[in-house]
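Here is the file structure.tsv (TSV, C-alpha atoms and all ligand atoms).
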chain	number	residue	atom	x	y	z
N	1	THR	CA	1.04	29.24	0.02
N	2	PRO	CA	2.70	25.97	1.03
N	3	THR	CA	4.17	24.10	-1.93
N	4	TYR	CA	4.80	20.38	-2.09
N	5	ARG	CA	7.07	18.80	-4.67
N	6	ILE	CA	5.71	15.49	-5.87
N	7	ALA	CA	7.41	12.93	-8.12
N	8	ALA	CA	4.64	11.19	-10.06
N	9	ILE	CA	5.60	7.73	-11.32
N	10	ALA	CA	2.88	5.95	-13.28
N	11	GLY	CA	4.83	2.75	-13.93
N	12	ASP	CA	3.02	0.06	-15.89
N	13	GLY	CA	-0.46	-1.10	-16.82
N	14	ILE	CA	-3.31	0.48	-14.90
N	15	GLY	CA	-0.78	2.57	-12.98
N	16	ARG	CA	-1.00	4.80	-16.07
N	17	GLU	CA	-4.78	4.93	-15.90
N	18	VAL	CA	-5.27	5.56	-12.20
N	19	LEU	CA	-2.40	8.00	-11.60
N	20	PRO	CA	-4.00	10.81	-13.69
N	21	GLU	CA	-7.22	10.44	-11.68
N	22	GLY	CA	-5.30	10.66	-8.43
N	23	LEU	CA	-3.61	13.83	-9.65
N	24	ARG	CA	-6.93	15.26	-10.82
N	25	VAL	CA	-8.33	14.90	-7.32
N	26	LEU	CA	-5.18	16.24	-5.65
N	27	GLU	CA	-5.28	19.31	-7.90
N	28	ALA	CA	-8.91	19.92	-6.95
N	29	ALA	CA	-7.97	19.63	-3.27
N	30	ALA	CA	-4.99	21.96	-3.67
N	31	LYS	CA	-7.14	24.59	-5.33
N	32	ARG	CA	-9.85	24.42	-2.70
N	33	PHE	CA	-7.62	24.27	0.38
N	34	GLY	CA	-4.92	26.69	-0.72
N	35	PHE	CA	-1.70	24.85	-1.34
N	36	THR	CA	0.40	24.20	-4.41
N	37	LEU	CA	1.52	20.89	-5.82
N	38	GLU	CA	4.56	20.95	-8.04
N	39	VAL	CA	4.25	17.67	-9.91
N	40	ARG	CA	7.07	16.24	-11.96
N	41	HIS	CA	6.21	13.26	-14.14
N	42	ILE	CA	8.81	10.54	-14.27
N	43	GLU	CA	8.80	8.10	-17.14
N	44	TRP	CA	11.32	5.63	-15.77
N	45	ALA	CA	10.60	2.86	-13.26
N	46	SER	CA	8.54	1.09	-15.90
N	47	CYS	CA	8.94	-2.02	-17.99
N	48	ASP	CA	8.92	0.10	-21.15
N	49	TYR	CA	11.96	1.94	-19.84
N	50	TYR	CA	13.57	-1.41	-19.09
N	51	GLN	CA	13.03	-2.59	-22.64
N	52	ALA	CA	14.70	0.52	-24.01
N	53	HIS	CA	17.56	0.75	-21.47
N	54	GLY	CA	18.11	-2.70	-20.00
N	55	GLN	CA	17.43	-1.43	-16.50
N	56	MET	CA	14.37	-0.12	-14.69
N	57	MET	CA	15.83	3.24	-13.68
N	58	PRO	CA	18.73	5.54	-14.53
N	59	ASP	CA	21.83	5.13	-12.36
N	60	ASP	CA	21.23	8.45	-10.63
N	61	TRP	CA	17.61	7.66	-9.71
N	62	LYS	CA	18.22	8.26	-6.04
N	63	ALA	CA	19.71	11.70	-6.56
N	64	GLN	CA	16.81	12.57	-8.87
N	65	LEU	CA	14.16	11.60	-6.32
N	66	GLU	CA	15.77	12.61	-3.06
N	67	GLY	CA	14.69	16.23	-3.21
N	68	PHE	CA	10.98	15.55	-3.60
N	69	ASP	CA	8.61	15.79	-0.67
N	70	ALA	CA	6.87	12.58	-1.71
N	71	ILE	CA	6.56	10.00	-4.46
N	72	TYR	CA	3.12	9.30	-5.87
N	73	PHE	CA	3.36	5.90	-7.47
N	74	GLY	CA	1.01	3.88	-9.71
N	75	ALA	CA	2.17	0.29	-10.11
N	76	VAL	CA	5.09	-1.56	-11.65
N	77	GLY	CA	5.12	-4.92	-13.38
N	78	TRP	CA	4.59	-6.30	-16.87
N	79	PRO	CA	5.47	-9.97	-16.60
N	80	ALA	CA	4.92	-10.55	-20.32
N	81	THR	CA	8.11	-8.61	-21.05
N	82	VAL	CA	10.11	-8.36	-17.81
N	83	PRO	CA	10.21	-10.96	-15.02
N	84	ASP	CA	8.48	-9.60	-11.93
N	85	HIS	CA	11.45	-10.01	-9.60
N	86	VAL	CA	13.56	-7.98	-12.03
N	87	SER	CA	11.07	-5.12	-12.43
N	88	LEU	CA	10.17	-4.92	-8.75
N	89	TRP	CA	13.67	-5.32	-7.30
N	90	GLY	CA	14.74	-2.75	-9.87
N	91	SER	CA	12.21	-0.12	-8.77
N	92	LEU	CA	9.62	-0.25	-5.97
N	93	LEU	CA	11.60	-2.49	-3.64
N	94	LYS	CA	14.63	-0.24	-4.15
N	95	PHE	CA	12.60	2.83	-3.19
N	96	ARG	CA	11.31	1.16	-0.04
N	97	ARG	CA	14.80	0.07	1.01
N	98	GLU	CA	17.00	2.95	-0.06
N	99	PHE	CA	14.54	5.54	1.22
N	100	ASP	CA	14.11	3.50	4.40
N	101	GLN	CA	10.33	3.44	4.11
N	102	TYR	CA	10.09	0.86	6.84
N	103	VAL	CA	6.39	1.28	7.60
N	104	ASN	CA	3.78	0.27	5.07
N	105	LEU	CA	0.43	1.53	6.34
N	106	ARG	CA	-2.54	-0.15	4.73
N	107	PRO	CA	-5.97	0.78	6.07
N	108	VAL	CA	-8.86	-1.60	5.38
N	109	ARG	CA	-12.41	-0.42	5.55
N	110	LEU	CA	-15.83	-1.61	4.43
N	111	PHE	CA	-17.61	1.39	2.95
N	112	GLU	CA	-21.31	2.07	2.81
N	113	GLY	CA	-22.60	1.16	-0.64
N	114	VAL	CA	-19.92	-1.43	-1.41
N	115	PRO	CA	-21.15	-5.01	-1.69
N	116	CYS	CA	-19.34	-7.17	0.87
N	117	PRO	CA	-18.50	-10.77	0.05
N	118	LEU	CA	-18.80	-11.71	3.73
N	119	ALA	CA	-22.36	-12.55	4.77
N	120	GLY	CA	-24.12	-10.12	7.09
N	121	ARG	CA	-21.31	-7.56	7.37
N	122	LYS	CA	-22.01	-3.84	7.54
N	123	PRO	CA	-19.75	-0.78	7.49
N	124	GLY	CA	-17.97	-0.59	10.82
N	125	ASP	CA	-17.49	-4.36	11.01
N	126	ILE	CA	-14.36	-4.12	8.86
N	127	ASP	CA	-12.22	-1.18	9.90
N	128	TYR	CA	-8.61	-1.87	10.75
N	129	LEU	CA	-5.10	-0.85	9.92
N	130	VAL	CA	-2.45	-3.23	8.65
N	131	VAL	CA	1.05	-2.08	9.60
N	132	ARG	CA	3.43	-3.98	7.40
N	133	GLU	CA	7.19	-4.15	7.93
N	134	ASN	CA	8.53	-2.89	4.62
N	135	THR	CA	12.31	-3.24	4.34
N	136	GLU	CA	13.42	-6.64	5.63
N	137	GLY	CA	11.99	-10.00	6.73
N	138	GLU	CA	11.19	-12.56	4.09
N	139	TYR	CA	11.88	-10.18	1.19
N	140	THR	CA	15.52	-10.69	0.36
N	141	ALA	CA	17.69	-11.63	-2.56
N	142	LEU	CA	20.00	-13.59	-0.27
N	143	GLY	CA	20.59	-17.22	-1.01
N	144	GLY	CA	21.16	-19.25	-4.09
N	145	VAL	CA	20.72	-22.40	-6.07
N	146	MET	CA	23.18	-25.25	-5.83
N	147	TYR	CA	23.64	-28.32	-8.02
N	148	GLU	CA	21.46	-26.53	-10.52
N	149	GLY	CA	19.83	-28.69	-13.13
N	150	THR	CA	20.55	-31.90	-11.27
N	151	GLU	CA	18.43	-34.16	-9.09
N	152	ARG	CA	20.32	-32.73	-6.10
N	153	GLU	CA	19.23	-29.17	-6.85
N	154	ILE	CA	18.90	-27.12	-3.64
N	155	VAL	CA	17.60	-23.62	-3.17
N	156	ILE	CA	18.20	-21.50	-0.09
N	157	GLN	CA	16.39	-18.21	0.50
N	158	GLU	CA	17.34	-16.34	3.65
N	159	SER	CA	15.14	-14.06	5.74
N	160	VAL	CA	16.59	-11.11	7.61
N	161	PHE	CA	15.13	-9.62	10.76
N	162	SER	CA	17.05	-7.03	12.75
N	163	ARG	CA	16.27	-5.82	16.25
N	164	HIS	CA	16.40	-2.25	14.98
N	165	GLY	CA	14.08	-3.10	12.07
N	166	ALA	CA	11.55	-5.05	14.10
N	167	ASP	CA	11.46	-2.68	17.06
N	168	ARG	CA	10.83	0.42	15.00
N	169	VAL	CA	7.88	-1.00	13.10
N	170	LEU	CA	6.44	-2.58	16.25
N	171	LYS	CA	6.76	0.76	18.00
N	172	PHE	CA	4.98	2.47	15.14
N	173	ALA	CA	2.17	-0.09	15.37
N	174	PHE	CA	1.83	0.32	19.13
N	175	GLU	CA	1.66	4.10	18.68
N	176	ALA	CA	-0.99	3.67	15.97
N	177	ALA	CA	-3.01	1.40	18.25
N	178	ARG	CA	-2.66	3.86	21.14
N	179	ALA	CA	-4.04	6.63	18.95
N	180	ARG	CA	-7.18	4.67	18.13
N	181	GLN	CA	-10.26	4.22	20.23
N	182	ARG	CA	-9.95	0.48	20.83
N	183	LYS	CA	-6.19	0.47	21.45
N	184	HIS	CA	-5.83	-3.11	20.36
N	185	LEU	CA	-2.88	-4.61	18.51
N	186	THR	CA	-2.78	-7.99	16.80
N	187	VAL	CA	0.72	-9.31	16.17
N	188	ALA	CA	0.91	-11.67	13.20
N	189	THR	CA	3.27	-14.55	13.87
N	190	LYS	CA	4.10	-18.10	12.89
N	191	SER	CA	6.21	-19.08	15.86
N	192	ASN	CA	5.05	-22.67	15.70
N	193	GLY	CA	6.50	-23.42	12.27
N	194	ILE	CA	9.12	-20.76	11.54
N	195	ALA	CA	11.25	-21.79	14.47
N	196	ILE	CA	13.83	-19.01	14.71
N	197	SER	CA	12.66	-15.68	13.37
N	198	MET	CA	9.06	-15.83	14.53
N	199	PRO	CA	9.57	-16.71	18.23
N	200	TRP	CA	12.15	-13.94	18.16
N	201	TRP	CA	9.61	-11.54	16.55
N	202	ASP	CA	7.11	-12.37	19.29
N	203	GLY	CA	9.77	-11.59	21.85
N	204	ARG	CA	10.44	-8.20	20.29
N	205	ALA	CA	6.69	-7.49	20.39
N	206	ASP	CA	6.69	-8.31	24.13
N	207	ALA	CA	9.72	-6.10	24.70
N	208	VAL	CA	8.38	-3.10	22.77
N	209	GLY	CA	4.91	-3.63	24.27
N	210	ARG	CA	6.22	-3.02	27.79
N	211	ASP	CA	6.09	0.69	27.02
N	212	TYR	CA	2.43	0.42	26.02
N	213	PRO	CA	0.48	-0.98	28.99
N	214	ASP	CA	-2.63	0.80	27.68
N	215	VAL	CA	-2.61	-1.22	24.43
N	216	THR	CA	-4.05	-4.74	24.53
N	217	VAL	CA	-2.14	-7.26	22.46
N	218	ASP	CA	-2.91	-10.62	20.99
N	219	LYS	CA	-0.56	-12.72	18.94
N	220	GLN	CA	-2.10	-14.84	16.24
N	221	HIS	CA	-0.51	-17.32	13.92
N	222	ILE	CA	-0.85	-16.08	10.37
N	223	ASP	CA	-2.98	-19.04	9.28
N	224	ILE	CA	-5.78	-18.54	11.78
N	225	LEU	CA	-5.37	-14.77	11.58
N	226	SER	CA	-6.19	-15.01	7.87
N	227	ALA	CA	-9.23	-17.13	8.65
N	228	ARG	CA	-10.41	-14.56	11.20
N	229	PHE	CA	-10.08	-11.74	8.67
N	230	VAL	CA	-12.88	-13.59	6.91
N	231	LEU	CA	-14.86	-15.00	9.84
N	232	GLN	CA	-14.42	-12.42	12.61
N	233	PRO	CA	-13.20	-9.13	11.13
N	234	THR	CA	-14.57	-7.16	14.09
N	235	ARG	CA	-11.74	-8.56	16.22
N	236	PHE	CA	-9.18	-6.37	14.49
N	237	ASP	CA	-8.03	-2.83	15.17
N	238	VAL	CA	-4.32	-2.56	14.29
N	239	VAL	CA	-2.47	-5.55	12.87
N	240	VAL	CA	1.33	-5.59	12.69
N	241	ALA	CA	3.05	-8.10	10.44
N	242	SER	CA	6.34	-9.00	8.84
N	243	ASN	CA	6.91	-8.04	5.23
N	244	LEU	CA	5.44	-11.16	3.59
N	245	PHE	CA	2.62	-11.74	6.05
N	246	GLY	CA	1.68	-8.08	5.79
N	247	ASP	CA	1.67	-8.32	2.01
N	248	ILE	CA	-0.79	-11.20	2.04
N	249	LEU	CA	-3.03	-9.68	4.71
N	250	SER	CA	-3.21	-6.41	2.82
N	251	ASP	CA	-4.76	-8.05	-0.25
N	252	LEU	CA	-7.01	-10.36	1.78
N	253	GLY	CA	-8.40	-7.59	3.97
N	254	PRO	CA	-9.47	-5.33	1.08
N	255	ALA	CA	-10.93	-8.33	-0.77
N	256	THR	CA	-13.18	-9.01	2.24
N	257	ALA	CA	-14.18	-5.34	2.10
N	258	GLY	CA	-15.40	-5.66	-1.49
N	259	THR	CA	-12.52	-4.98	-3.88
N	260	ILE	CA	-8.79	-4.46	-3.84
N	261	GLY	CA	-9.50	-1.48	-6.10
N	262	LEU	CA	-10.12	0.64	-3.00
N	263	ALA	CA	-7.04	-0.22	-0.93
N	264	PRO	CA	-4.43	2.54	-0.40
N	265	SER	CA	-0.99	2.40	1.07
N	266	ALA	CA	1.56	4.73	2.60
N	267	ASN	CA	5.20	3.61	2.49
N	268	LEU	CA	6.58	5.81	5.22
N	269	ASN	CA	9.96	6.98	6.31
N	270	PRO	CA	8.54	8.40	9.54
N	271	GLU	CA	11.72	10.35	10.29
N	272	ARG	CA	11.25	12.26	7.00
N	273	LYS	CA	14.89	11.84	6.12
N	274	PHE	CA	13.81	10.51	2.72
N	275	PRO	CA	10.65	10.95	0.65
N	276	SER	CA	7.80	8.62	1.51
N	277	LEU	CA	5.88	6.83	-1.23
N	278	PHE	CA	2.13	6.60	-1.69
N	279	GLU	CA	0.58	3.98	-3.94
N	280	PRO	CA	-2.40	1.69	-4.29
N	281	VAL	CA	-2.00	-1.78	-2.77
N	282	HIS	CA	-2.88	-3.35	-6.11
N	283	GLY	CA	-0.61	-3.94	-9.06
N	284	SER	CA	-0.60	-3.14	-12.77
N	285	ALA	CA	-3.52	-5.49	-13.55
N	286	PRO	CA	-2.52	-6.50	-17.08
N	287	ASP	CA	-5.84	-8.34	-17.41
N	288	ILE	CA	-7.84	-5.09	-17.43
N	289	TYR	CA	-5.28	-2.58	-18.69
N	290	GLY	CA	-6.26	-0.47	-21.69
N	291	LYS	CA	-10.01	-0.54	-21.05
N	292	ASN	CA	-10.17	2.40	-18.68
N	293	ILE	CA	-12.18	0.35	-16.17
N	294	ALA	CA	-9.72	0.15	-13.26
N	295	ASN	CA	-11.01	1.53	-9.99
N	296	PRO	CA	-9.02	4.73	-9.26
N	297	VAL	CA	-10.12	5.01	-5.61
N	298	ALA	CA	-7.06	3.18	-4.19
N	299	MET	CA	-4.85	5.71	-6.00
N	300	ILE	CA	-6.99	8.65	-4.92
N	301	TRP	CA	-7.16	7.57	-1.27
N	302	SER	CA	-3.37	7.08	-1.34
N	303	GLY	CA	-3.14	10.71	-2.45
N	304	ALA	CA	-5.18	11.73	0.58
N	305	LEU	CA	-2.79	9.80	2.84
N	306	MET	CA	0.07	11.64	1.14
N	307	LEU	CA	-1.40	15.06	1.94
N	308	ASP	CA	-2.01	14.04	5.52
N	309	PHE	CA	1.58	12.87	5.92
N	310	LEU	CA	3.09	15.90	4.15
N	311	THR	CA	1.28	18.28	6.44
N	312	GLN	CA	1.70	16.11	9.54
N	313	GLY	CA	-2.05	15.95	9.91
N	314	GLN	CA	-2.34	19.72	10.36
N	315	GLY	CA	-4.47	22.46	8.84
N	316	ALA	CA	-5.12	22.47	5.12
N	317	GLY	CA	-3.56	19.06	4.56
N	318	ARG	CA	-5.80	17.36	7.08
N	319	ALA	CA	-8.82	19.21	5.71
N	320	ALA	CA	-7.93	18.15	2.18
N	321	HIS	CA	-7.46	14.54	3.31
N	322	ASP	CA	-10.84	14.55	5.01
N	323	ALA	CA	-12.55	16.13	2.01
N	324	ILE	CA	-11.12	13.50	-0.34
N	325	VAL	CA	-12.20	10.64	1.93
N	326	LYS	CA	-15.67	12.18	2.23
N	327	ALA	CA	-15.94	12.46	-1.54
N	328	ILE	CA	-14.90	8.81	-1.89
N	329	GLU	CA	-17.53	7.79	0.67
N	330	ARG	CA	-20.19	9.68	-1.21
N	331	VAL	CA	-19.30	8.32	-4.65
N	332	LEU	CA	-19.32	4.79	-3.30
N	333	VAL	CA	-22.91	5.33	-2.17
N	334	GLU	CA	-24.20	7.35	-5.11
N	335	GLY	CA	-22.05	6.15	-7.98
N	336	PRO	CA	-20.70	6.17	-10.58
N	337	ARG	CA	-19.22	2.70	-10.05
N	338	THR	CA	-16.45	0.86	-11.88
N	339	PRO	CA	-17.02	-2.83	-12.78
N	340	ASP	CA	-15.24	-4.16	-9.66
N	341	LEU	CA	-17.96	-2.32	-7.69
N	342	GLY	CA	-20.69	-3.80	-9.84
N	343	GLY	CA	-21.09	-0.81	-12.18
N	344	LYS	CA	-20.27	0.19	-15.73
N	345	ALA	CA	-18.44	3.46	-15.21
N	346	SER	CA	-14.93	4.21	-16.41
N	347	THR	CA	-11.82	5.06	-14.42
N	348	THR	CA	-12.11	8.63	-15.70
N	349	GLU	CA	-15.75	9.01	-14.71
N	350	LEU	CA	-15.01	7.96	-11.14
N	351	GLY	CA	-12.01	10.28	-10.94
N	352	GLN	CA	-14.03	13.19	-12.32
N	353	ALA	CA	-16.91	12.56	-9.93
N	354	ILE	CA	-14.63	12.51	-6.89
N	355	ALA	CA	-12.71	15.58	-8.06
N	356	ALA	CA	-15.98	17.47	-8.57
N	357	LEU	CA	-17.12	16.65	-5.03
N	358	VAL	CA	-13.77	17.73	-3.59
N	359	ALA	CA	-13.93	20.99	-5.55
N	360	ALA	CA	-17.51	21.72	-4.49
N	361	GLY	CA	-16.99	20.99	-0.79
N	401	LIG	P1	-2.91	-7.01	-9.48
N	401	LIG	O1	-3.20	-6.30	-8.21
N	401	LIG	O2	-2.29	-6.22	-10.55
N	401	LIG	O3	-4.27	-7.65	-10.04
N	401	LIG	C1	-4.98	-8.64	-9.34
N	401	LIG	C2	-6.44	-8.68	-9.80
N	401	LIG	O4	-7.13	-7.55	-9.26
N	401	LIG	C3	-6.60	-8.61	-11.31
N	401	LIG	O5	-7.67	-9.41	-11.71
N	401	LIG	C4	-6.92	-7.14	-11.54
N	401	LIG	O6	-7.68	-6.90	-12.69
N	401	LIG	C5	-7.66	-6.75	-10.28
N	401	LIG	N1	-7.44	-5.34	-9.95
N	401	LIG	C6	-6.28	-4.82	-9.47
N	401	LIG	N2	-6.41	-3.50	-9.31
N	401	LIG	C7	-7.66	-3.17	-9.67
N	401	LIG	C8	-8.37	-1.95	-9.74
N	401	LIG	N3	-7.82	-0.76	-9.37
N	401	LIG	N4	-9.65	-1.96	-10.18
N	401	LIG	C9	-10.21	-3.11	-10.55
N	401	LIG	N5	-9.60	-4.31	-10.52
N	401	LIG	C10	-8.32	-4.34	-10.08
N	401	LIG	O7	-2.01	-8.27	-9.07
N	401	LIG	P2	-1.22	-9.33	-9.99
N	401	LIG	O8	-2.09	-9.75	-11.12
N	401	LIG	O9	-0.67	-10.31	-9.06
N	401	LIG	O10	0.01	-8.51	-10.56
N	401	LIG	C11	0.09	-7.91	-11.83
N	401	LIG	C12	1.42	-7.19	-11.95
N	401	LIG	O11	1.49	-6.13	-10.99
N	401	LIG	C13	2.63	-8.07	-11.65
N	401	LIG	O12	3.68	-7.62	-12.45
N	401	LIG	C14	2.92	-7.79	-10.20
N	401	LIG	O13	4.24	-8.07	-9.82
N	401	LIG	C15	2.63	-6.32	-10.16
N	401	LIG	N6	2.30	-5.77	-8.83
N	401	LIG	C16	2.78	-4.54	-8.57
N	401	LIG	C17	2.44	-3.91	-7.40
N	401	LIG	C18	2.96	-2.55	-7.11
N	401	LIG	O14	3.52	-1.90	-7.97
N	401	LIG	N7	2.82	-2.03	-5.92
N	401	LIG	C19	1.55	-4.53	-6.50
N	401	LIG	C20	1.06	-5.80	-6.81
N	401	LIG	C21	1.43	-6.42	-8.00
N	402	LIG	C1	2.68	-4.81	-2.78
N	402	LIG	C2	3.18	-5.65	-3.92
N	402	LIG	C3	4.69	-5.80	-3.87
N	402	LIG	C4	5.06	-6.45	-2.56
N	402	LIG	C5	5.30	-6.61	-5.03
N	402	LIG	C6	4.89	-6.04	-6.34
N	402	LIG	C7	6.78	-6.75	-4.91
N	402	LIG	O1	2.54	-6.89	-3.92
N	402	LIG	O2	3.06	-3.63	-2.71
N	402	LIG	O3	1.89	-5.30	-1.98
N	402	LIG	O4	5.03	-7.69	-2.43
N	402	LIG	O5	5.39	-5.72	-1.63
N	403	MN	MN	0.98	-7.08	-2.43

Show this structure as structure tokens.
Amino acid sequence: TPTYRIAAIAGDGIGREVLPEGLRVLEAAAKRFGFTLEVRHIEWASCDYYQAHGQMMPDDWKAQLEGFDAIYFGAVGWPATVPDHVSLWGSLLKFRREFDQYVNLRPVRLFEGVPCPLAGRKPGDIDYLVVRENTEGEYTALGGVMYEGTEREIVIQESVFSRHGADRVLKFAFEAARARQRKHLTVATKSNGIAISMPWWDGRADAVGRDYPDVTVDKQHIDILSARFVLQPTRFDVVVASNLFGDILSDLGPATAGTIGLAPSANLNPERKFPSLFEPVHGSAPDIYGKNIANPVAMIWSGALMLDFLTQGQGAGRAAHDAIVKAIERVLVEGPRTPDLGGKASTTELGQAIAALVAAG
């Protein structure tokens, strides 16, 4: 039977509560669909590890992870003990960069049974894919502070966009749009205010788009695009965005679809040269950690995306993906529900319910 080697990294906060539920569901899927998951639990890449070792990960982290087929990741961040830029640049952002996971796929969907904060919206009205550039753009540690501590203090923070980096994620987004029924791509921009990188980004979208005459394209400035996520979500099919814009859109979209507790993500190295990483969009949620009330669906759905990617959408992997998504759909209608969905159920109860449905078929 096919065997997949998975590095499981819980990280911090509710990462530790939702990861076990994700694994529970994946195990149920493996059993039913006839494949084996070899899971290795990794305790580093957490703020606890940082407190003990003064760094987020061991020096040989890359060598340790390289051989896995995928990384299944909870969340990192515990700002009470470690500054966020230290914990995230020391772990997740390193994975994305060093494993060249340049596509961050973040589907957004309003499910049946989930209360929608937008008036009059029904399932089907919110159903799009955010394709976020994941290795460059506004996320850099380039720049510095001058005249620190004086009235003249200046801070410079550079952005980096490369033709190679932009073209490959744009291409991925065009392909994703082409594969969907509506074949429509929205390009997030801000070419009115960000006077160098964003007009350039628009130009790269035009250039890459020449190979996709069957895909309709509209460019929208990020401000009005955000407003339309709320006011006119039916306009969207695939949305491609720079690193920062994609980050913001991928919390906003799921919030309009009820709760960020459902939102999955796939950090992909499409060439499969390095392991890809699958994680919820949300973070470690210190405000609810320890109560076992976090919604595990984002983690579980991310696991389904992992199976789909590992098996290239073929055979047992695709079947397992579909079965997990079906089980999620059913639990969202029938319950149990965690508090973010208006219920009183625990993280564990939701995980168990979904696993039972996957096992039963
Ligand atoms: P967050 O996503 O952790 O939490 C935002 C809000 O959403 C909180 O009120 C939280 O309780 C709620 N929430 C999040 N996930 C939920 C779930 N599964 N079920 C129910 N409610 C949920 O964002 P934040 O508060 O900005 O960040 C907290 C920490 O997590 C910070 O250290 C931040 O840097 C980190 N973070 C990490 C990741 C990641 O590892 N990928 C992503 C985002 C934030
Ligand atoms: C996400 C997170 C990260 C990001 C943070 C924790 C660095 O918000 O995965 O969306 O901004 O990419
Ligand atoms: Mn984010």

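Remark: for ligand MN 403 (chain N), the closest of the candidate residues N:Leu170, N:Leu88, N:Ile248, N:Ala327 is N:Ile248 (distances computed over only C-alpha atoms and all ligand atoms).
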
Counting only C-alpha atoms and all ligand atoms, which residues in chain N sit no more than 7 Å from ligand LIG 402 (chain N)? For each one, give the nearest pair of atoms and the distance in Å, sorted by chain then residue number, as CSV.
residue,atom,partner,partner_atom,distance
N:Val76,CA,N:LIG402,C6,7.0
N:Leu88,CA,N:LIG402,C7,5.4
N:Leu93,CA,N:LIG402,C7,6.6
N:Leu244,CA,N:LIG402,O4,7.0
N:Asp247,CA,N:LIG402,O3,5.0
N:Val281,CA,N:LIG402,O3,5.3
N:His282,CA,N:LIG402,O3,6.6
N:Gly283,CA,N:LIG402,C6,6.5

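Interatomic distance, atom CA of Asn267 of chain N against atom CA of Asn134 of chain N: 7.6 Å.
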
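When atom CA of Gly144 of chain N is paired with atom CA of Glu158 of chain N, their separation reads 9.1 Å.
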
| task | May I ask which of the residues N:Pro58, N:Gly258, N:Pro280, N:Pro107 is the closest one to ligand MN 403 (chain N), counting only C-alpha atoms and all ligand atoms? | result |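 Using only C-alpha atoms and all ligand atoms, the shortest distance to ligand MN 403 (chain N) belongs to N:Pro280.
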
| How many Å lie between atom CA of Phe172 of chain N and atom CA of Pro275 of chain N, rounded to one decimal? |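 About the pair atom CA of Phe172 of chain N and atom CA of Pro275 of chain N: they are 17.7 Å apart.
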
| With only C-alpha atoms and all ligand atoms as the basis for distance, which of N:Ile288, N:Ala166, N:Ile156, N:Leu310 is at the shortest distance from ligand LIG 401 (chain N)? |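 Selected residue with least distance to ligand LIG 401 (chain N): N:Ile288.
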